[in-house]
>>> print(open('protein27.cif').read())   # mmCIF, C-alpha atoms
data_target
loop_
_atom_site.label_atom_id
_atom_site.label_comp_id
_atom_site.auth_asym_id
_atom_site.auth_seq_id
_atom_site.Cartn_x
_atom_site.Cartn_y
_atom_site.Cartn_z
CA MET A 1 0.00 0.00 0.00
CA SER A 2 2.87 2.41 0.69
CA PRO A 3 3.52 3.40 -2.98
CA TYR A 4 -0.15 4.27 -3.43
CA LEU A 5 -0.25 6.24 -0.18
CA PHE A 6 2.91 8.11 -1.20
CA THR A 7 1.36 9.00 -4.57
CA LEU A 8 -1.81 10.29 -2.91
CA VAL A 9 0.13 12.44 -0.45
CA MET A 10 2.45 13.85 -3.13
CA GLU A 11 -0.57 14.73 -5.25
CA VAL A 12 -1.60 17.07 -2.42
CA LEU A 13 1.84 18.75 -2.64
CA ASN A 14 1.47 18.99 -6.39
CA LEU A 15 -1.88 20.76 -6.08
CA MET A 16 -0.57 23.13 -3.41
CA ILE A 17 2.41 24.17 -5.53
CA LYS A 18 0.20 24.63 -8.59
CA ARG A 19 -2.27 26.78 -6.63
CA LYS A 20 0.48 28.97 -5.15
CA ILE A 21 1.94 29.62 -8.61
CA GLU A 22 -1.45 30.45 -10.15
CA ASN A 23 -2.36 32.82 -7.31
CA ASP A 24 1.03 34.55 -7.39
CA GLY A 25 1.23 35.41 -11.09
CA GLU A 26 4.93 36.40 -10.94
CA PHE A 27 6.52 33.00 -10.45
CA LYS A 28 9.21 32.19 -13.04
CA TYR A 29 9.93 28.63 -14.11
CA HIS A 30 13.40 27.24 -14.58
CA TRP A 31 14.36 27.90 -18.20
CA GLY A 32 14.56 24.18 -18.98
CA CYS A 33 11.17 23.46 -17.38
CA GLU A 34 9.12 26.38 -18.65
CA GLU A 35 7.63 24.69 -21.72
CA LEU A 36 6.19 21.79 -19.69
CA LYS A 37 5.74 23.92 -16.54
CA ILE A 38 7.68 21.49 -14.34
CA THR A 39 8.29 22.63 -10.77
CA HIS A 40 9.21 19.40 -8.99
CA LEU A 41 10.02 15.70 -9.31
CA CYS A 42 9.39 13.03 -6.66
CA PHE A 43 10.92 9.61 -6.17
CA ALA A 44 10.59 7.61 -2.95
CA ASP A 45 11.33 10.13 -0.18
CA ASP A 46 13.34 12.46 -2.44
CA LEU A 47 12.00 15.75 -3.79
CA ILE A 48 13.65 17.97 -6.42
CA LEU A 49 12.32 21.52 -6.87
CA PHE A 50 12.97 23.67 -9.94
CA SER A 51 12.57 27.42 -10.39
CA ASN A 52 14.20 30.44 -11.91
CA GLY A 53 17.15 31.78 -9.94
CA ASP A 54 15.33 34.63 -8.21
CA ALA A 55 14.27 35.06 -4.59
CA HIS A 56 10.58 35.61 -5.33
CA SER A 57 10.13 32.34 -7.25
CA VAL A 58 11.93 30.41 -4.51
CA ALA A 59 9.71 32.06 -1.89
CA VAL A 60 6.60 30.79 -3.72
CA LEU A 61 7.91 27.22 -3.51
CA ARG A 62 8.84 27.70 0.15
CA ASP A 63 5.31 28.85 0.99
CA ALA A 64 3.90 25.77 -0.74
CA LEU A 65 6.23 23.50 1.25
CA ASN A 66 5.28 25.19 4.51
CA GLU A 67 1.59 24.75 3.75
CA PHE A 68 2.19 21.09 2.90
CA SER A 69 4.18 20.55 6.12
CA GLY A 70 1.36 22.04 8.18
CA ALA A 71 -1.17 19.70 6.55
CA SER A 72 0.87 16.47 6.47
CA GLY A 73 3.43 16.82 9.25
CA LEU A 74 6.24 16.03 6.77
CA ILE A 75 9.20 18.41 7.08
CA ALA A 76 12.21 18.74 4.77
CA SER A 77 15.50 17.57 6.27
CA MET A 78 17.86 20.55 6.22
CA ASP A 79 20.92 18.37 6.78
CA LYS A 80 20.19 16.30 3.66
CA SER A 81 18.93 19.13 1.44
CA GLN A 82 21.08 21.02 -1.05
CA ALA A 83 20.65 23.94 -3.44
CA PHE A 84 22.21 23.98 -6.91
CA TYR A 85 22.72 27.21 -8.85
CA GLY A 86 23.45 27.93 -12.49
CA ASN A 87 24.38 31.44 -13.67
CA VAL A 88 23.01 33.01 -10.47
CA LYS A 89 24.82 35.98 -8.94
CA LYS A 90 26.31 35.54 -5.48
CA SER A 91 24.13 38.28 -4.01
CA VAL A 92 20.99 36.54 -5.30
CA GLN A 93 22.24 33.22 -3.92
CA ASN A 94 22.57 34.85 -0.50
CA ASP A 95 19.01 36.17 -0.71
CA ILE A 96 17.74 32.69 -1.64
CA SER A 97 19.68 31.14 1.25
CA THR A 98 17.73 33.27 3.71
CA ILE A 99 14.50 31.87 2.22
CA MET A 100 15.63 28.26 1.77
CA PRO A 101 18.52 27.68 4.22
CA PHE A 102 19.99 24.76 2.27
CA LYS A 103 23.70 24.21 1.92
CA VAL A 104 25.04 24.83 -1.58
CA GLY A 105 25.84 21.65 -3.51
CA GLU A 106 28.02 21.05 -6.55
CA LEU A 107 27.28 18.93 -9.59
CA PRO A 108 27.62 16.13 -10.38
CA ILE A 109 25.76 14.28 -7.65
CA ARG A 110 24.71 10.65 -8.00
CA TYR A 111 21.11 9.56 -7.91
CA LEU A 112 20.28 5.85 -8.27
CA GLY A 113 23.88 5.36 -9.40
CA VAL A 114 23.62 7.83 -12.29
CA PRO A 115 25.43 11.21 -12.13
CA LEU A 116 23.18 14.26 -12.46
CA LEU A 117 24.91 16.86 -14.61
CA SER A 118 24.07 20.21 -16.12
CA THR A 119 25.90 19.09 -19.26
CA ARG A 120 25.87 15.92 -21.35
CA LEU A 121 27.23 12.71 -19.84
CA TYR A 122 30.85 11.88 -20.69
CA ALA A 123 32.74 8.60 -20.39
CA LYS A 124 34.62 9.81 -17.30
CA ASP A 125 31.31 10.34 -15.51
CA CYS A 126 30.42 6.66 -15.92
CA VAL A 127 33.70 5.19 -14.62
CA ILE A 128 32.33 4.36 -11.17
CA LEU A 129 29.25 2.71 -12.64
CA VAL A 130 31.31 0.65 -15.12
CA ASP A 131 33.71 -0.46 -12.38
CA LYS A 132 30.79 -1.55 -10.23
CA VAL A 133 29.37 -3.64 -13.07
CA LYS A 134 32.78 -5.20 -13.81
CA LYS A 135 33.28 -6.09 -10.16
CA ARG A 136 30.05 -8.10 -10.11
CA ILE A 137 30.46 -9.72 -13.52
CA PHE A 138 34.16 -10.68 -13.38
CA ASP A 139 33.89 -12.61 -10.15
CA TRP A 140 35.84 -15.91 -10.28
CA LYS A 141 32.66 -17.92 -9.68
CA ASN A 142 31.20 -16.62 -12.94
CA LYS A 143 34.00 -17.90 -15.17
CA SER A 144 32.42 -21.34 -15.41
CA LEU A 145 29.16 -19.97 -16.79
CA SER A 146 28.11 -20.65 -20.37
CA PHE A 147 27.65 -17.82 -22.89
CA ALA A 148 23.92 -17.81 -22.26
CA GLY A 149 24.53 -17.77 -18.50
CA ARG A 150 26.90 -14.82 -18.81
CA MET A 151 24.37 -12.90 -20.88
CA GLN A 152 21.73 -13.51 -18.20
CA LEU A 153 24.20 -12.43 -15.50
CA VAL A 154 24.95 -9.13 -17.26
CA SER A 155 21.24 -8.41 -17.67
CA SER A 156 20.61 -9.19 -14.01
CA VAL A 157 23.47 -6.97 -12.79
CA LEU A 158 22.38 -4.02 -14.91
CA SER A 159 18.79 -4.40 -13.70
CA SER A 160 19.87 -4.50 -10.05
CA LEU A 161 21.89 -1.30 -10.48
CA GLN A 162 18.85 0.43 -12.01
CA VAL A 163 20.84 1.40 -15.09
CA PHE A 164 18.56 2.92 -17.70
CA GLY A 165 19.24 3.95 -21.27
CA LEU A 166 21.51 6.96 -21.59
CA PRO A 167 21.16 8.41 -25.08
CA CYS A 168 24.24 9.61 -26.93
CA SER A 169 24.30 13.34 -27.43
CA SER A 170 22.74 13.97 -30.79
CA CYS A 171 23.76 16.74 -33.10
CA GLN A 172 21.56 18.51 -35.58
CA ASN A 173 23.35 19.08 -38.86
CA ARG A 174 21.66 22.37 -39.66
CA TRP A 175 21.36 26.09 -38.85
CA CYS A 176 18.33 26.41 -36.69
CA MET A 177 16.28 29.07 -34.97
CA THR A 178 18.37 29.80 -31.88
CA LEU A 179 22.09 29.98 -31.25
CA LYS A 180 21.93 27.83 -28.11
CA ASP A 181 21.05 24.74 -30.22
CA GLN A 182 24.50 24.64 -31.93
CA PHE A 183 26.79 23.08 -29.34
CA ILE A 184 26.83 26.39 -27.41
CA GLU A 185 25.56 26.24 -23.85
CA ARG A 186 23.50 28.91 -22.16
CA ARG A 187 26.41 29.52 -19.78
CA ASP A 188 28.60 30.63 -22.71
CA LEU A 189 25.92 33.03 -23.93
CA TYR A 190 25.41 34.38 -20.42
CA ASN A 191 29.15 34.95 -19.84
CA HIS A 192 29.43 36.98 -23.05
CA GLY A 193 26.33 39.08 -22.40
CA LEU A 194 24.17 37.48 -25.10
CA ASP A 195 20.46 36.74 -24.96
CA PRO A 196 19.98 32.93 -24.63
CA ASN A 197 17.23 33.13 -27.26
CA VAL A 198 19.26 35.08 -29.80
CA SER A 199 18.72 33.76 -33.32
CA VAL A 200 21.29 33.21 -36.03
CA ALA A 201 19.78 36.07 -38.01
CA ASP A 202 20.38 38.43 -35.05
CA ILE A 203 24.16 37.90 -35.12
CA ILE A 204 24.69 38.46 -38.84
CA LEU A 205 25.35 41.99 -40.08
CA ASN A 206 26.06 42.76 -43.74
CA GLY A 207 26.90 39.14 -44.44
CA GLU A 208 29.42 38.84 -41.55
CA TRP A 209 29.30 37.51 -38.01
CA ASN A 210 28.43 40.25 -35.52
CA LEU A 211 29.79 38.79 -32.27
CA PRO A 212 32.53 39.57 -29.69
CA ASN A 213 35.98 38.48 -30.91
CA GLU A 214 36.59 36.23 -27.87
CA PHE A 215 33.31 34.45 -28.62
CA LEU A 216 34.30 33.92 -32.26
CA LEU A 217 37.68 32.51 -31.23
CA LYS A 218 36.23 30.15 -28.63
CA PHE A 219 33.87 28.59 -31.19
CA ASP A 220 36.03 28.93 -34.28
CA ASN A 221 34.83 25.52 -35.51
CA ILE A 222 31.41 27.11 -36.07
CA PHE A 223 32.17 30.74 -36.85
CA SER A 224 35.13 30.08 -39.14
CA GLN A 225 32.48 29.15 -41.69
CA LYS A 226 30.80 31.78 -43.82
CA PRO A 227 27.46 32.93 -42.37
CA PRO A 228 24.43 31.34 -44.00
CA LEU A 229 22.19 33.24 -46.36
CA ILE A 230 19.14 34.31 -44.37
CA MET A 231 15.93 34.48 -46.41
CA GLN A 232 13.13 36.54 -44.93
CA ASN A 233 9.63 35.07 -44.49
CA VAL A 234 10.88 31.55 -45.22
CA ASN A 235 10.61 28.80 -42.64
CA ASP A 236 13.74 26.93 -41.62
CA ARG A 237 14.31 23.57 -43.28
CA VAL A 238 16.06 20.60 -41.75
CA LEU A 239 18.64 19.20 -44.20
CA TRP A 240 21.29 16.50 -44.00
CA LEU A 241 24.65 16.98 -45.73
CA THR A 242 25.71 13.53 -46.98
CA LYS A 243 29.24 12.20 -47.30
CA LYS A 244 29.04 12.95 -51.03
CA GLY A 245 28.14 16.58 -50.37
CA LYS A 246 24.46 16.35 -51.26
CA LYS A 247 21.81 18.19 -49.24
CA LEU A 248 18.80 15.97 -48.63
CA PRO A 249 15.65 16.40 -46.51
CA PHE A 250 16.42 15.18 -43.00
CA THR A 251 14.92 11.79 -42.14
CA VAL A 252 16.16 9.00 -39.90
CA LYS A 253 16.46 6.74 -42.95
CA THR A 254 18.52 9.32 -44.83
CA VAL A 255 20.97 9.67 -41.96
CA TRP A 256 21.17 5.93 -41.32
CA ASP A 257 21.83 5.11 -44.98
CA ASP A 258 24.56 7.74 -45.03
CA ILE A 259 26.47 6.80 -41.87
CA CYS A 260 25.89 3.04 -41.90
CA GLU A 261 28.83 0.98 -43.09
CA GLU A 262 27.94 -1.54 -45.75
CA ASN A 263 29.08 -5.01 -44.73
CA GLU A 264 28.45 -8.41 -46.19
CA VAL A 265 25.01 -9.78 -45.37
CA VAL A 266 25.15 -12.56 -42.75
CA LYS A 267 22.99 -15.18 -44.42
CA TRP A 268 22.87 -17.51 -41.41
CA SER A 269 21.81 -14.92 -38.80
CA LYS A 270 18.16 -16.08 -38.66
CA LEU A 271 19.36 -19.64 -38.17
CA VAL A 272 20.91 -18.54 -34.86
CA TRP A 273 18.83 -15.62 -33.61
CA TYR A 274 15.07 -15.68 -33.79
CA SER A 275 12.19 -14.87 -31.45
CA GLN A 276 11.68 -18.39 -30.05
CA SER A 277 15.35 -19.34 -29.89
CA ILE A 278 16.85 -20.86 -26.76
CA PRO A 279 19.90 -18.77 -25.76
CA ARG A 280 22.06 -21.81 -24.95
CA HIS A 281 21.35 -23.38 -28.36
CA SER A 282 21.84 -20.09 -30.20
CA PHE A 283 25.25 -19.51 -28.67
CA ILE A 284 26.39 -23.06 -29.51
CA VAL A 285 25.30 -22.73 -33.16
CA TRP A 286 26.84 -19.26 -33.40
CA VAL A 287 30.21 -20.38 -32.04
CA ALA A 288 30.10 -23.52 -34.21
CA ILE A 289 29.53 -21.51 -37.39
CA LEU A 290 32.54 -19.38 -36.46
CA ASN A 291 34.54 -22.60 -35.95
CA LYS A 292 35.31 -21.60 -32.34
CA LEU A 293 33.98 -24.56 -30.37
CA ARG A 294 36.56 -26.14 -28.07
CA THR A 295 36.70 -29.44 -29.88
CA GLN A 296 39.45 -32.01 -29.35
CA ASP A 297 41.26 -31.23 -32.58
CA LYS A 298 41.95 -27.69 -31.28
CA TYR A 299 43.88 -29.16 -28.34
CA MET A 300 46.17 -31.21 -30.59
CA ALA A 301 49.52 -29.74 -29.67
CA GLY A 302 52.66 -31.84 -29.21
CA ASP A 303 52.16 -35.31 -27.76
CA THR A 304 48.44 -36.03 -27.47
CA PRO A 305 47.07 -38.81 -25.26
CA HIS A 306 45.32 -41.60 -27.16
CA ILE A 307 42.20 -41.17 -24.98
CA LEU A 308 41.06 -38.19 -27.07
CA CYS A 309 38.18 -39.55 -29.11
CA CYS A 310 34.61 -38.70 -30.01
CA PRO A 311 32.36 -39.34 -26.98
CA PHE A 312 29.66 -40.74 -29.30
CA CYS A 313 31.32 -43.12 -31.76
CA LYS A 314 34.67 -43.62 -29.96
CA CYS A 315 36.35 -43.86 -33.37
CA GLN A 316 38.40 -40.68 -33.74
CA LYS A 317 38.96 -37.30 -32.14
CA ASP A 318 36.05 -34.93 -32.48
CA SER A 319 36.02 -31.76 -34.57
CA HIS A 320 33.42 -29.38 -35.94
CA CYS A 321 33.04 -31.36 -39.13
CA HIS A 322 32.97 -34.73 -37.37
CA LEU A 323 30.47 -33.75 -34.66
CA PHE A 324 27.92 -32.17 -36.97
CA PHE A 325 28.29 -34.07 -40.27
CA GLU A 326 30.35 -37.28 -39.96
CA CYS A 327 29.63 -38.96 -36.62
CA SER A 328 26.88 -41.60 -36.83
CA PHE A 329 25.08 -40.55 -33.65
CA PRO A 330 24.52 -36.84 -34.53
CA CYS A 331 23.56 -37.90 -38.07
CA GLU A 332 20.79 -40.12 -36.68
CA VAL A 333 19.60 -37.26 -34.48
#
>>> encode(input="protein27.cif", output="structure tokens")
Amino acid sequence: MSPYLFTLVMEVLNLMIKRKIENDGEFKYHWGCEELKITHLCFADDLILFSNGDAHSVAVLRDALNEFSGASGLIASMDKSQAFYGNVKKSVQNDISTIMPFKVGELPIRYLGVPLLSTRLYAKDCVILVDKVKKRIFDWKNKSLSFAGRMQLVSSVLSSLQVFGLPCSSCQNRWCMTLKDQFIERRDLYNHGLDPNVSVADIILNGEWNLPNEFLLKFDNIFSQKPPLIMQNVNDRVLWLTKKGKKLPFTVKTVWDDICEENEVVKWSKLVWYSQSIPRHSFIVWVAILNKLRTQDKYMAGDTPHILCCPFCKCQKDSHCHLFFECSFPCEV
């Protein structure tokens, strides 16, 4: 019953926050949450609040929490609570601290084993997680498992660590509406005094880039190119520049056909992998096709004992060809 009770209680908090924001009229959402009007996320006994970095918006959330505490008796733990700021002046942070007396935290922090970052996830951020997976998988007791058993072990370990899909950062091969969509973070725009919603057309003057020199130098991979031709009253189009230099309408198929390497078709793949296949059998057939089974002929090195012989016919040493096509017993099967 506890998950259902938790959901019911948190719905009360949700309604209280929503009502406070509607009655206030001056609350500002966090810039990344404004479109969906997200103010908070809940999981188990953890609560994450989002707002713009101003004292008034934080005060609205505080009032909602106080009202919720008075109704439910649940109080936030100050020792375990932290505040995270992005592009917020120190004086404003001090004002917010008087409203929400949380200690200031630094990113990344780990939640359910996954680092929470303000930027995309890099390989170095996943080192601890990868090491934890390796430690469980490469235990000496697991070395005797079959291929199918190892696959099941990996799936089990990943599930227990609550590892979910982390998408690779995707790039859009186009000039689009706002400058912040082209590998440039809001922090960079803020530091150089630029509006985060500035468009490409706004920074082009007489066919040349109209930006601070230090900004041009920092992103020379973008601004070393000639500015695009801006056509008035024409909607942006999403195009994909192929390896051969052709501009085609952007579709997933177009991109996949362009970046996918053409290899020889594996004609026997459906013989091994299919919906009703048994993993143990599939792995055996797969390894056999690759001629990688540990048959007796592969151990023929130097002086070989005479006891090496096929366990079925007892006539000769076994091999891939003998086991599957020559031995009388498998042939009858």
>>> resolve_selection(input="protein27.cif", expression="the PyMOL selection byres ((chain A and resi 64) around 12)", output="ChimeraX atom specification")
/A:12-24,39-40,49,57-63,65-71,75
>>> write_last_selection(input="protein27.cif", atoms="C-alpha atoms", output="CSV table (one decimal), keeping the file's coordinate frame")
chain,number,residue,atom,x,y,z
A,12,VAL,CA,-1.6,17.1,-2.4
A,13,LEU,CA,1.8,18.8,-2.6
A,14,ASN,CA,1.5,19.0,-6.4
A,15,LEU,CA,-1.9,20.8,-6.1
A,16,MET,CA,-0.6,23.1,-3.4
A,17,ILE,CA,2.4,24.2,-5.5
A,18,LYS,CA,0.2,24.6,-8.6
A,19,ARG,CA,-2.3,26.8,-6.6
A,20,LYS,CA,0.5,29.0,-5.2
A,21,ILE,CA,1.9,29.6,-8.6
A,22,GLU,CA,-1.4,30.4,-10.2
A,23,ASN,CA,-2.4,32.8,-7.3
A,24,ASP,CA,1.0,34.6,-7.4
A,39,THR,CA,8.3,22.6,-10.8
A,40,HIS,CA,9.2,19.4,-9.0
A,49,LEU,CA,12.3,21.5,-6.9
A,57,SER,CA,10.1,32.3,-7.2
A,58,VAL,CA,11.9,30.4,-4.5
A,59,ALA,CA,9.7,32.1,-1.9
A,60,VAL,CA,6.6,30.8,-3.7
A,61,LEU,CA,7.9,27.2,-3.5
A,62,ARG,CA,8.8,27.7,0.2
A,63,ASP,CA,5.3,28.8,1.0
A,65,LEU,CA,6.2,23.5,1.2
A,66,ASN,CA,5.3,25.2,4.5
A,67,GLU,CA,1.6,24.8,3.8
A,68,PHE,CA,2.2,21.1,2.9
A,69,SER,CA,4.2,20.6,6.1
A,70,GLY,CA,1.4,22.0,8.2
A,71,ALA,CA,-1.2,19.7,6.6
A,75,ILE,CA,9.2,18.4,7.1
>>> atom_distance(input="protein27.cif", atom1="CA of Arg187 (chain A)", atom2="CA of Phe223 (chain A)")
18.1 Å
>>> atom_distance(input="protein27.cif", atom1="CA of Val157 (chain A)", atom2="CA of Ser144 (chain A)")
17.1 Å
>>> resolve_selection(input="protein27.cif", expression="the PyMOL selection byres ((chain A and resi 105) around 10)", output="mmCIF file with C-alpha atoms, keeping the file's coordinate frame")
data_model
loop_
_atom_site.group_PDB
_atom_site.id
_atom_site.type_symbol
_atom_site.label_atom_id
_atom_site.label_comp_id
_atom_site.auth_asym_id
_atom_site.auth_seq_id
_atom_site.Cartn_x
_atom_site.Cartn_y
_atom_site.Cartn_z
ATOM 1 C CA SER A 81 18.930 19.130 1.440
ATOM 2 C CA GLN A 82 21.080 21.020 -1.050
ATOM 3 C CA ALA A 83 20.650 23.940 -3.440
ATOM 4 C CA PHE A 84 22.210 23.980 -6.910
ATOM 5 C CA TYR A 85 22.720 27.210 -8.850
ATOM 6 C CA PHE A 102 19.990 24.760 2.270
ATOM 7 C CA LYS A 103 23.700 24.210 1.920
ATOM 8 C CA VAL A 104 25.040 24.830 -1.580
ATOM 9 C CA GLU A 106 28.020 21.050 -6.550
ATOM 10 C CA LEU A 107 27.280 18.930 -9.590
ATOM 11 C CA PRO A 108 27.620 16.130 -10.380
ATOM 12 C CA ILE A 109 25.760 14.280 -7.650
#
>>> resolve_selection(input="protein27.cif", expression="the PyMOL selection byres ((chain A and resi 315-317) around 12)", output="list in words")
Thr295, Gln296, Asp297, Lys298, Tyr299, Met300, Thr304, Pro305, His306, Ile307, Leu308, Cys309, Cys310, Pro311, Phe312, Cys313, Lys314, Asp318, Ser319, His320, Cys321, His322, Leu323, Glu326, Cys327, Ser328 and Phe329 of chain A
>>> atom_distance(input="protein27.cif", atom1="CA of Thr98 (chain A)", atom2="CA of Trp31 (chain A)")
22.8 Å
>>> residues_around(input="protein27.cif", residues="Leu205 (chain A)", least_positions_apart="5", cutoff="12 Å", atoms="all atoms listed in the file", output="list in words")
Val200, Asn210, Leu211, Pro227, Pro228, Leu229 and Ile230 of chain A
>>> closest_residue(input="protein27.cif", among="A:Ile259, A:Ala76, A:Leu271, A:Leu116", to="Met100 (chain A)", atoms="only C-alpha atoms")
A:Ala76
>>> residues_around(input="protein27.cif", residues="Phe283 (chain A)", least_positions_apart="4", cutoff="8 Å", atoms="all atoms listed in the file", output="PyMOL selection string")
chain A and resi 147-148+272+279+287
>>> closest_residue(input="protein27.cif", among="A:Ser72, A:Lys90, A:Ile184, A:Val234", to="Pro196 (chain A)", atoms="all atoms listed in the file")
A:Ile184
